$ cat target-v6.txt   # compact mmCIF, C-alpha atoms
# COMPACT_ATOMS: atom_id res chain seq x y z
CA MET A 362 114.70 111.78 121.67
CA ALA A 363 115.97 115.37 121.71
CA GLU A 364 114.14 116.09 118.46
CA THR A 365 110.92 114.63 119.87
CA LEU A 366 111.10 116.73 123.04
CA ALA A 367 111.79 119.91 121.04
CA TYR A 368 108.92 119.05 118.68
CA VAL A 369 106.28 118.57 121.40
CA ASN A 370 107.53 121.59 123.30
CA ALA A 371 106.91 123.72 120.20
CA ARG A 372 103.75 122.09 118.88
CA SER A 373 101.81 120.14 121.52
CA PRO A 374 99.45 122.27 123.66
CA PHE A 375 99.49 119.57 126.35
CA TYR A 376 103.27 119.17 126.63
CA LYS A 377 104.02 122.85 126.16
CA GLU A 378 101.82 123.54 129.20
CA LEU A 379 103.24 120.60 131.18
CA PHE A 380 106.88 121.55 130.55
CA ALA A 381 106.21 125.17 131.56
CA LYS A 382 104.29 124.17 134.69
CA GLU A 383 106.96 121.70 135.83
CA LYS A 384 109.82 124.06 134.80
CA ILE A 385 111.37 121.35 132.65
CA ASP A 386 114.45 122.37 130.67
CA ILE A 387 114.49 119.90 127.80
CA SER A 388 118.09 120.84 126.93
CA LYS A 389 119.16 119.05 130.13
CA ILE A 390 117.51 115.77 129.11
CA LYS A 391 120.41 114.08 127.36
CA GLN A 392 119.94 110.37 128.09
CA ILE A 393 116.99 108.04 128.60
CA GLU A 394 117.33 108.09 132.40
CA ASP A 395 116.83 111.88 132.32
CA LEU A 396 113.26 111.36 131.10
CA GLN A 397 112.36 110.70 134.73
CA GLN A 398 112.37 114.49 135.19
CA ILE A 399 109.14 114.56 133.16
CA PRO A 400 105.83 113.44 134.75
CA VAL A 401 104.16 110.46 133.10
CA THR A 402 101.21 110.79 130.74
CA THR A 403 98.15 108.68 131.59
CA LYS A 404 95.09 107.37 129.79
CA GLN A 405 93.04 109.86 131.78
CA ASP A 406 95.14 112.70 130.35
CA LEU A 407 94.32 111.47 126.85
CA GLN A 408 90.62 111.11 127.63
CA LEU A 409 90.26 114.54 129.25
CA ARG A 410 92.44 116.50 126.81
CA ASN A 411 92.41 114.39 123.69
CA MET A 412 92.92 117.07 121.02
CA ASP A 413 95.45 119.01 123.13
CA PHE A 414 97.94 116.32 122.07
CA LEU A 415 97.53 117.15 118.38
CA CYS A 416 100.64 118.79 116.92
CA VAL A 417 99.54 119.43 113.32
CA PRO A 418 96.66 121.29 111.63
CA ALA A 419 93.70 119.16 110.54
CA THR A 420 94.72 119.62 106.90
CA GLU A 421 97.79 117.44 107.54
CA VAL A 422 95.82 114.54 109.07
CA ARG A 423 95.37 111.59 106.72
CA ASP A 424 93.80 108.98 109.00
CA TYR A 425 91.82 109.01 112.24
CA VAL A 426 91.86 105.97 114.52
CA THR A 427 90.44 105.29 117.98
CA THR A 428 91.50 103.18 120.92
CA SER A 429 89.28 100.28 121.95
CA GLY A 430 88.22 101.97 125.20
CA THR A 431 89.09 98.91 127.30
CA LEU A 432 89.73 101.04 130.40
CA GLY A 433 87.41 103.97 129.71
CA GLU A 434 86.25 106.25 126.90
CA PRO A 435 87.89 105.66 123.50
CA VAL A 436 90.53 108.18 122.46
CA THR A 437 91.01 109.50 118.92
CA PHE A 438 94.46 109.56 117.29
CA ALA A 439 95.29 111.51 114.14
CA ASP A 440 97.98 110.24 111.76
CA THR A 441 99.87 112.26 109.18
CA GLU A 442 101.24 110.78 105.97
CA ASN A 443 104.61 110.28 107.68
CA ASP A 444 102.92 108.59 110.64
CA LEU A 445 101.37 106.08 108.26
CA ARG A 446 104.82 105.42 106.76
CA ARG A 447 106.16 104.86 110.27
CA LEU A 448 103.28 102.45 110.98
CA ALA A 449 104.10 100.58 107.79
CA LEU A 450 107.76 100.30 108.81
CA SER A 451 106.80 98.94 112.23
CA GLU A 452 104.71 96.10 110.84
CA ALA A 453 107.13 95.33 108.01
CA LEU A 454 109.74 94.80 110.74
CA SER A 455 107.25 92.56 112.62
CA TYR A 456 106.86 90.36 109.55
CA GLU A 457 110.64 90.19 109.17
CA PHE A 458 111.10 89.26 112.85
CA ALA A 459 108.54 86.44 112.51
CA GLY A 460 110.38 84.91 109.58
CA CYS A 461 107.98 85.99 106.85
CA LYS A 462 109.21 86.48 103.28
CA SER A 463 108.07 88.95 100.63
CA SER A 464 106.83 85.93 98.67
CA ASP A 465 104.30 85.17 101.43
CA ILE A 466 100.58 85.89 101.09
CA ILE A 467 99.09 87.12 104.36
CA GLN A 468 95.45 86.54 105.28
CA LEU A 469 94.22 89.27 107.64
CA MET A 470 91.69 87.79 110.08
CA ALA A 471 91.51 90.93 112.24
CA THR A 472 89.29 94.00 112.06
CA ILE A 473 90.36 96.65 109.57
CA ASP A 474 87.30 98.92 109.80
CA ARG A 475 85.70 100.77 112.77
CA CYS A 476 88.67 103.15 113.12
CA PHE A 477 90.90 100.24 114.20
CA MET A 478 94.65 100.85 113.85
CA ALA A 479 95.77 97.21 113.91
CA GLY A 480 94.20 96.17 110.62
CA GLN A 481 95.44 99.34 108.94
CA ALA A 482 98.95 98.67 110.27
CA CYS A 483 98.89 95.11 108.90
CA LEU A 484 97.85 96.32 105.46
CA LEU A 485 100.43 99.12 105.29
CA GLY A 486 103.12 96.80 106.66
CA SER A 487 102.49 94.20 103.97
CA LEU A 488 102.68 96.84 101.24
CA LYS A 489 106.08 98.01 102.53
CA PHE A 490 107.28 94.46 103.16
CA GLY A 491 106.34 93.44 99.62
CA SER A 492 104.01 90.56 100.46
CA GLY A 493 100.46 90.00 99.28
CA ILE A 494 97.58 90.49 101.70
CA ILE A 495 93.95 89.31 101.75
CA ARG A 496 91.74 91.56 103.87
CA VAL A 497 89.09 89.06 104.94
CA GLY A 498 88.54 90.65 108.36
CA ASN A 499 87.61 88.94 111.61
CA GLY A 500 85.33 85.96 112.23
CA ILE A 501 83.37 83.77 109.77
CA PRO A 502 85.42 80.53 109.66
CA GLU A 503 83.60 79.39 106.50
CA LEU A 504 84.75 82.50 104.60
CA GLN A 505 88.28 82.16 105.97
CA TRP A 506 88.63 78.56 104.79
CA ASN A 507 87.01 79.30 101.44
CA THR A 508 89.56 82.08 100.90
CA ILE A 509 92.43 79.84 102.00
CA ARG A 510 91.29 77.19 99.49
CA ARG A 511 91.06 79.67 96.61
CA ILE A 512 94.15 81.88 97.15
CA ASN A 513 96.54 79.73 99.23
CA PRO A 514 97.83 82.29 101.76
CA THR A 515 100.83 81.17 103.80
CA VAL A 516 100.50 83.46 106.85
CA CYS A 517 97.48 84.50 108.90
CA ILE A 518 97.07 87.35 111.39
CA CYS A 519 94.44 86.69 114.03
CA VAL A 520 93.49 86.50 117.69
CA PRO A 521 94.90 83.08 118.68
CA SER A 522 91.66 81.80 120.24
CA PHE A 523 90.11 82.21 116.76
CA LEU A 524 92.50 79.50 115.56
CA ILE A 525 90.55 77.07 117.75
CA LYS A 526 87.34 78.02 115.93
CA LEU A 527 89.07 77.61 112.58
CA ILE A 528 90.23 74.14 113.58
CA GLU A 529 86.77 73.15 114.89
CA PHE A 530 85.14 74.28 111.63
CA ALA A 531 87.76 72.44 109.59
CA LYS A 532 87.18 69.21 111.52
CA ALA A 533 83.39 69.50 111.19
CA HIS A 534 83.67 69.99 107.40
CA ASN A 535 86.46 67.52 106.65
CA ILE A 536 89.04 70.20 105.79
CA ASP A 537 92.62 68.94 106.02
CA TYR A 538 93.79 72.05 107.88
CA ARG A 539 97.16 70.59 108.91
CA ASN A 540 98.13 70.32 105.26
CA SER A 541 96.65 73.66 104.23
CA SER A 542 98.74 76.51 102.77
CA ILE A 543 98.79 78.32 106.16
CA LYS A 544 102.17 77.70 107.82
CA ARG A 545 102.58 80.69 110.13
CA ALA A 546 100.31 82.74 112.42
CA ILE A 547 100.97 86.20 113.87
CA CYS A 548 98.92 86.26 117.07
CA VAL A 549 97.40 89.55 118.22
CA GLY A 550 95.29 90.51 121.23
CA GLU A 551 96.07 87.43 123.36
CA THR A 552 99.21 85.69 124.49
CA ILE A 553 100.06 82.05 123.85
CA ARG A 554 103.21 81.89 125.98
CA THR A 555 104.47 82.00 129.55
CA ASN A 556 107.39 83.97 130.95
CA GLU A 557 109.48 80.82 130.52
CA HIS A 558 108.82 81.04 126.74
CA THR A 559 106.75 77.85 126.78
CA TYR A 560 103.16 77.60 125.59
CA ASN A 561 100.45 78.58 128.05
CA ILE A 562 97.21 76.55 128.12
CA LEU A 563 95.81 78.24 125.01
CA GLY A 564 99.09 77.85 123.15
CA GLU A 565 99.36 74.19 124.14
CA LYS A 566 95.84 73.54 122.93
CA ILE A 567 96.47 75.08 119.51
CA HIS A 568 99.87 73.42 119.15
CA ALA A 569 98.45 69.98 120.02
CA LEU A 570 95.80 70.37 117.31
CA TRP A 571 98.01 72.04 114.69
CA PRO A 572 101.68 71.25 115.48
CA GLU A 573 102.87 72.29 112.01
CA LEU A 574 101.74 75.90 112.59
CA SER A 575 104.45 78.38 113.62
CA MET A 576 103.00 81.01 115.99
CA HIS A 577 104.46 84.44 116.83
CA VAL A 578 103.03 86.88 119.38
CA ASN A 579 102.52 90.53 118.44
CA TYR A 580 101.97 93.15 121.17
CA ALA A 581 100.81 96.64 120.24
CA SER A 582 98.66 99.56 121.31
CA THR A 583 97.12 102.44 119.40
CA GLU A 584 98.90 104.97 121.60
CA MET A 585 102.42 103.75 120.79
CA GLN A 586 101.56 103.55 117.07
CA SER A 587 103.93 100.61 116.65
CA SER A 588 104.33 97.08 117.96
CA PHE A 589 106.62 94.49 119.53
CA ASN A 590 106.86 91.11 117.77
CA GLU A 591 108.33 87.68 118.43
CA CYS A 592 111.12 86.44 116.21
CA GLU A 593 111.55 82.88 114.96
CA LYS A 594 113.05 81.85 118.32
CA GLU A 595 109.70 82.66 120.02
CA CYS A 596 111.14 83.96 123.29
CA GLY A 597 109.57 87.38 123.87
CA THR A 598 108.41 90.23 121.67
CA HIS A 599 111.26 92.38 120.33
CA HIS A 600 111.45 96.12 120.92
CA LYS A 601 112.00 98.43 117.93
CA PRO A 602 114.20 101.15 119.47
CA ASN A 603 114.08 103.36 116.37
CA LEU A 604 110.32 103.80 116.96
CA THR A 605 109.88 104.00 120.74
CA ILE A 606 111.68 104.42 124.03
CA VAL A 607 110.31 101.98 126.60
CA GLU A 608 110.45 102.15 130.40
CA PHE A 609 109.03 99.76 133.01
CA LEU A 610 107.55 101.59 135.99
CA ASP A 611 105.90 100.78 139.31
CA ASP A 612 102.80 102.37 140.88
CA HIS A 613 104.92 105.37 141.94
CA ASP A 614 106.34 105.91 138.44
CA GLN A 615 109.75 104.59 139.45
CA PRO A 616 111.76 102.09 137.35
CA VAL A 617 111.37 98.46 138.45
CA LYS A 618 114.25 96.00 138.72
CA ILE A 619 114.94 93.63 135.86
CA ASP A 620 113.32 90.69 137.68
CA GLU A 621 110.14 92.63 138.62
CA PRO A 622 107.02 93.20 136.54
CA GLY A 623 106.51 96.79 135.47
CA GLU A 624 104.00 98.90 133.58
CA ILE A 625 105.07 99.43 129.98
CA THR A 626 105.69 103.16 129.51
CA ILE A 627 106.29 104.47 126.02
CA THR A 628 107.85 107.58 124.47
CA THR A 629 107.12 107.63 120.74
CA LEU A 630 109.87 108.61 118.29
CA GLY A 631 109.16 110.08 114.87
CA VAL A 632 105.42 110.60 115.36
CA GLU A 633 104.10 113.87 113.89
CA GLY A 634 100.38 113.87 114.64
CA MET A 635 100.06 112.98 118.31
CA PRO A 636 103.41 112.03 119.89
CA LEU A 637 103.44 110.89 123.51
CA ILE A 638 106.09 111.30 126.20
CA ARG A 639 106.32 108.68 128.98
CA PHE A 640 102.84 107.30 128.34
CA LYS A 641 101.81 104.58 130.82
CA THR A 642 100.02 101.96 128.72
CA GLY A 643 98.37 100.19 131.65
CA ASP A 644 99.94 96.88 130.51
CA VAL A 645 102.15 95.02 132.99
CA CYS A 646 104.84 92.51 132.05
CA TYR A 647 108.35 91.21 132.73
CA ARG A 648 111.20 92.00 130.33
CA PHE A 649 114.28 90.19 129.04
CA GLU A 650 117.45 92.15 128.29
CA GLU A 651 119.98 89.42 127.45
CA PRO A 652 120.76 89.00 123.71
CA CYS A 653 118.24 86.81 121.88
CA ALA A 654 119.19 83.50 120.27
CA CYS A 655 118.16 85.05 116.93
CA GLY A 656 121.15 87.41 117.15
CA ARG A 657 119.22 90.59 117.92
CA ASN A 658 120.22 92.59 121.00
CA THR A 659 116.99 94.52 121.57
CA LEU A 660 115.10 93.97 124.81
CA ARG A 661 112.05 91.73 124.69
CA LEU A 662 108.72 91.81 126.49
CA GLY A 663 107.27 88.82 128.27
CA PRO A 664 103.55 88.06 127.99
CA ILE A 665 101.24 90.77 129.25
CA LEU A 666 100.17 89.78 132.75
CA GLY A 667 97.20 92.12 132.58
CA ARG A 668 96.17 95.75 132.58
CA LYS A 669 96.92 97.81 135.67
CA GLY A 670 93.29 98.85 136.03
CA GLN A 671 92.14 95.22 135.76
CA MET A 672 94.18 93.84 138.66
CA ILE A 673 91.99 91.84 141.05
CA LYS A 674 92.70 91.15 144.71
CA TYR A 675 90.57 88.14 145.56
CA LYS A 676 90.72 86.31 148.89
CA GLY A 677 94.35 87.31 149.41
CA THR A 678 95.44 86.44 145.87
CA THR A 679 96.40 89.02 143.23
CA LEU A 680 95.06 88.09 139.80
CA TYR A 681 94.71 89.46 136.31
CA PRO A 682 91.86 88.38 134.01
CA ALA A 683 94.33 86.60 131.69
CA ALA A 684 94.93 83.95 134.38
CA LEU A 685 91.19 83.21 134.45
CA TYR A 686 90.92 83.21 130.64
CA ASP A 687 93.77 80.72 130.37
CA ILE A 688 91.87 78.20 132.50
CA LEU A 689 88.47 78.75 130.87
CA GLU A 690 89.88 78.40 127.35
CA ASN A 691 90.99 74.86 128.16
CA ILE A 692 87.56 73.54 129.24
CA PRO A 693 85.93 72.03 126.10
CA GLU A 694 82.39 72.31 127.50
CA VAL A 695 82.80 76.08 128.02
CA LYS A 696 81.81 77.60 124.68
CA ASN A 697 82.10 81.25 125.77
CA TYR A 698 82.38 83.21 129.00
CA ILE A 699 82.45 86.59 130.75
CA VAL A 700 84.44 87.57 133.85
CA GLU A 701 82.68 90.10 136.10
CA VAL A 702 84.45 91.83 139.00
CA TYR A 703 82.47 93.73 141.63
CA THR A 704 82.79 95.17 145.12
CA ASN A 705 81.24 92.76 147.61
CA THR A 706 79.42 93.54 150.85
CA ILE A 707 82.64 93.77 152.87
CA GLY A 708 84.27 96.17 150.39
CA THR A 709 86.69 93.75 148.72
CA ASP A 710 86.83 92.36 145.20
CA GLY A 711 84.41 89.63 144.18
CA ILE A 712 84.56 87.57 140.98
CA ARG A 713 81.61 86.12 139.08
CA ILE A 714 82.18 84.05 135.96
CA LEU A 715 79.31 83.61 133.51
CA ILE A 716 79.84 80.62 131.23
CA GLY A 717 77.95 79.56 128.15
CA THR A 718 77.71 75.78 128.12
CA PRO A 719 75.32 72.98 127.20
CA ASN A 720 76.51 71.13 130.32
CA ASN A 721 74.58 73.06 132.96
CA ASN A 722 74.60 71.10 136.22
CA GLU A 723 75.99 71.39 139.75
CA TYR A 724 78.62 68.69 139.25
CA PHE A 725 80.07 70.51 136.23
CA ILE A 726 80.22 73.80 138.15
CA LYS A 727 82.01 72.00 141.01
CA GLN A 728 84.54 70.61 138.53
CA ILE A 729 85.27 74.11 137.24
CA LYS A 730 85.71 75.49 140.75
CA ASP A 731 88.06 72.64 141.66
CA LEU A 732 90.09 73.40 138.54
CA PHE A 733 90.42 77.06 139.56
CA ARG A 734 91.56 76.04 143.06
CA SER A 735 94.23 73.74 141.61
CA LYS A 736 95.55 76.43 139.23
CA ILE A 737 95.23 79.74 141.12
CA ARG A 738 94.35 78.60 144.69
CA VAL A 739 90.95 80.35 144.77
CA ALA A 740 87.55 79.58 143.24
CA PRO A 741 85.29 82.39 141.96
CA ASP A 742 81.52 82.14 141.70
CA VAL A 743 80.42 80.37 138.51
CA VAL A 744 77.03 80.86 136.84
CA CYS A 745 75.81 79.05 133.71
CA GLU A 746 73.89 81.04 131.09
CA PRO A 747 72.73 80.33 127.52
CA ILE A 748 75.56 80.44 124.99
CA GLU A 749 73.63 82.92 122.81
CA LEU A 750 73.12 85.31 125.74
CA ILE A 751 76.83 85.31 126.59
CA ALA A 752 77.68 85.95 122.93
CA LYS A 753 75.35 88.97 122.87
CA LYS A 754 76.89 90.40 126.05
CA GLN A 755 80.41 89.88 124.67
CA MET A 756 79.73 91.92 121.57
CA PRO A 757 77.71 95.08 122.34
CA PRO A 758 76.65 97.08 119.24
CA THR A 759 79.34 99.77 119.66
CA SER A 760 82.22 97.32 120.22
CA ARG A 761 84.66 96.17 117.53
CA LYS A 762 86.06 93.26 119.49
CA VAL A 763 84.85 90.63 121.92
CA ILE A 764 84.63 91.86 125.53
CA LYS A 765 85.31 89.22 128.18
CA PHE A 766 85.91 91.43 131.22
CA PHE A 767 83.37 93.69 132.94
CA ASP A 768 84.46 95.76 135.93
CA TYR A 769 81.64 96.82 138.25
CA ARG A 770 83.82 97.73 141.22
CA ASP A 771 83.23 100.82 143.31
CA MET A 772 86.35 102.88 142.57
CA LYS A 773 85.73 105.60 145.18
$ encode --input "target-v6.txt" --output "structure tokens"
Amino acid sequence: MAETLAYVNARSPFYKELFAKEKIDISKIKQIEDLQQIPVTTKQDLQLRNMDFLCVPATEVRDYVTTSGTLGEPVTFADTENDLRRLALSEALSYEFAGCKSSDIIQLMATIDRCFMAGQACLLGSLKFGSGIIRVGNGIPELQWNTIRRINPTVCICVPSFLIKLIEFAKAHNIDYRNSSIKRAICVGETIRTNEHTYNILGEKIHALWPELSMHVNYASTEMQSSFNECEKECGTHHKPNLTIVEFLDDHDQPVKIDEPGEITITTLGVEGMPLIRFKTGDVCYRFEEPCACGRNTLRLGPILGRKGQMIKYKGTTLYPAALYDILENIPEVKNYIVEVYTNTIGTDGIRILIGTPNNNEYFIKQIKDLFRSKIRVAPDVVCEPIELIAKKQMPPTSRKVIKFFDYRDMK
């Protein structure tokens, strides 16, 4: 930590200015609690002053990646050769946590192009870990199954909802997926578990269809340039304390109690290109600090409840989009969907859900609303639209991943 603070104070235009302005004496920051002397770094800071975080000349940059821009404009990150080694170490540890072996063959079903860090991390991690990897990329169930048949991978890395599509394709084409070579899935981008370490609705659905498949959640962000991953005990994603310092903060940047949800706030360790100090990720979760049944003592993250900027206050209930997704994913007639949030005529949050379904009638819409009331106590507006139209809205030309949440609220 001391080395990181000295490094950014000498090399980062942003932090050099911040430390001088706030009169921060980094020599007095000797333990993690002392970091509270330093103001947090926000996504807006990164968007407004992106290249002021760069600590090396352009000649030392080996890879450029961008954030997904979920909560605003995408941000560019520059990685040095050592940063790429650090990224490889992070994902090699993730594979180890999940019970993978170097003899495994990993099928990558996530994006590796479009300046996406996750796919790059998976590839580098497999090289360090010593396993084989097949870079198929996202989507196209037919290609995924054809590759599985030919090469016999044992592990897949994918968004868990894509597993449903893989299963549906397998059933439609008489593929015996339950006896395929795939035995383990590392799940990125979505959670499959609750805070009680049981399956949520999506996880239950996959497990019921493919009970032989072992699933492990991976949580990561471009900004932290590393990840948290579930071990074989599947009870929270493990922290890697050699790569990051993690804090859990409230709206006023104060630490939350152990039994309260907090915003994940990261200080990167060992990053050369664009290190961050006390960066608020926008992701909110609970944490678990008791030793894990696997024998590791590192703290673990619970499932991400949602992003801070995506919190919805609807008819007296506080929601995150994930709660809505969890319900919609379990309705077979809903083929795809979009959640829209807007400011209504009385100045509060409104929710409109657009669903793609062949079952477009008033009775079906009533059933969906009743389901929402039973699960989250409130029922948003529901509108049926053609499946193809929803699919087009979910994947705009500049996007590299499916977008399910659109925020049209007046933020003034």
$ residues_near_point --input "target-v6.txt" --point "(101.6, 76.1, 118.8)" --cutoff "12 Å" --atoms "all atoms listed in the file" --output "ChimeraX atom specification"
/A:521-522,524-525,544-548,552-554,558-578,595
$ closest_residue --input "target-v6.txt" --among "A:Val401, A:Leu732, A:Val702, A:Ile473" --to "A:Leu689" --atoms "only C-alpha atoms"
A:Leu732
$ atom_distance --input "target-v6.txt" --atom1 "atom CA of A:Ile627" --atom2 "atom CA of A:Leu685"
27.4 Å
$ closest_residue --input "target-v6.txt" --among "A:Asp768, A:Asp395, A:Asp687, A:Glu633" --to "A:Thr441" --atoms "all atoms listed in the file"
A:Glu633
$ closest_residue --input "target-v6.txt" --among "A:Glu529, A:Asp614, A:Glu694, A:Glu557" --to "A:Phe649" --atoms "only C-alpha atoms"
A:Glu557
$ atom_distance --input "target-v6.txt" --atom1 "atom CA of A:Leu409" --atom2 "atom CA of A:Val549"
28.2 Å
$ residues_around --input "target-v6.txt" --residues "stretch 475-487 of chain A" --least-positions-apart "2" --cutoff "6 Å" --atoms "all atoms listed in the file" --output "VMD selection string"
chain A and resid 426 to 427 448 to 449 452 to 453 472 to 473 489 to 492
$ closest_residue --input "target-v6.txt" --among "A:Pro514, A:Gly498, A:Gly597, A:Gly670" --to "A:Cys653" --atoms "all atoms listed in the file"
A:Gly597
$ closest_residue --input "target-v6.txt" --among "A:Ile387, A:Cys519, A:Ile726, A:Ile714" --to "A:Ala371" --atoms "all atoms listed in the file"
A:Ile387
$ closest_residue --input "target-v6.txt" --among "A:Thr428, A:Tyr686, A:Arg496, A:Val520" --to "A:Met585" --atoms "all atoms listed in the file"
A:Thr428
$ build_atoms --input "target-v6.txt" --residues "stretch 513-539 of chain A" --atoms "N, CA and C atoms" --output "compact mmCIF listing (two decimals), in the frame of the given file"
# COMPACT_ATOMS: atom_id res chain seq x y z
N ASN A 513 95.36 80.37 98.64
CA ASN A 513 96.54 79.73 99.23
C ASN A 513 97.47 80.69 99.98
N PRO A 514 96.95 81.46 100.93
CA PRO A 514 97.83 82.29 101.76
C PRO A 514 98.71 81.41 102.63
N THR A 515 99.87 81.94 103.01
CA THR A 515 100.83 81.17 103.80
C THR A 515 100.92 81.64 105.26
N VAL A 516 100.44 82.86 105.52
CA VAL A 516 100.50 83.46 106.85
C VAL A 516 99.11 84.00 107.20
N CYS A 517 98.71 83.86 108.46
CA CYS A 517 97.48 84.50 108.90
C CYS A 517 97.78 85.39 110.11
N ILE A 518 96.99 86.45 110.24
CA ILE A 518 97.07 87.35 111.39
C ILE A 518 95.73 87.29 112.09
N CYS A 519 95.72 86.87 113.35
CA CYS A 519 94.44 86.69 114.03
C CYS A 519 94.62 86.65 115.54
N VAL A 520 93.51 86.78 116.25
CA VAL A 520 93.49 86.50 117.69
C VAL A 520 93.66 84.99 117.85
N PRO A 521 94.60 84.52 118.66
CA PRO A 521 94.90 83.08 118.68
C PRO A 521 93.71 82.19 119.05
N SER A 522 92.81 82.65 119.91
CA SER A 522 91.66 81.80 120.24
C SER A 522 90.78 81.55 119.02
N PHE A 523 90.87 82.44 117.99
CA PHE A 523 90.11 82.21 116.76
C PHE A 523 90.66 81.01 116.00
N LEU A 524 91.94 80.69 116.20
CA LEU A 524 92.50 79.50 115.56
C LEU A 524 91.77 78.24 116.01
N ILE A 525 91.33 78.22 117.26
CA ILE A 525 90.55 77.07 117.75
C ILE A 525 89.26 76.94 116.95
N LYS A 526 88.59 78.05 116.70
CA LYS A 526 87.34 78.02 115.93
C LYS A 526 87.60 77.59 114.49
N LEU A 527 88.72 78.05 113.93
CA LEU A 527 89.07 77.61 112.58
C LEU A 527 89.28 76.10 112.52
N ILE A 528 89.96 75.58 113.53
CA ILE A 528 90.23 74.14 113.58
C ILE A 528 88.92 73.36 113.75
N GLU A 529 88.05 73.83 114.66
CA GLU A 529 86.77 73.15 114.89
C GLU A 529 85.93 73.11 113.62
N PHE A 530 85.90 74.24 112.88
CA PHE A 530 85.14 74.28 111.63
C PHE A 530 85.75 73.32 110.61
N ALA A 531 87.08 73.32 110.53
CA ALA A 531 87.76 72.44 109.59
C ALA A 531 87.44 70.97 109.88
N LYS A 532 87.48 70.60 111.14
CA LYS A 532 87.18 69.21 111.52
C LYS A 532 85.75 68.84 111.16
N ALA A 533 84.81 69.77 111.45
CA ALA A 533 83.39 69.50 111.19
C ALA A 533 83.08 69.39 109.70
N HIS A 534 83.94 69.99 108.85
CA HIS A 534 83.67 69.99 107.40
C HIS A 534 84.76 69.28 106.61
N ASN A 535 85.47 68.39 107.30
CA ASN A 535 86.46 67.52 106.65
C ASN A 535 87.51 68.30 105.85
N ILE A 536 87.97 69.42 106.41
CA ILE A 536 89.04 70.20 105.79
C ILE A 536 90.37 69.76 106.39
N ASP A 537 91.31 69.41 105.55
CA ASP A 537 92.62 68.94 106.02
C ASP A 537 93.47 70.16 106.37
N TYR A 538 93.16 70.78 107.51
CA TYR A 538 93.79 72.05 107.88
C TYR A 538 95.29 71.91 108.12
N ARG A 539 95.74 70.76 108.60
CA ARG A 539 97.16 70.59 108.91
C ARG A 539 98.02 70.57 107.65
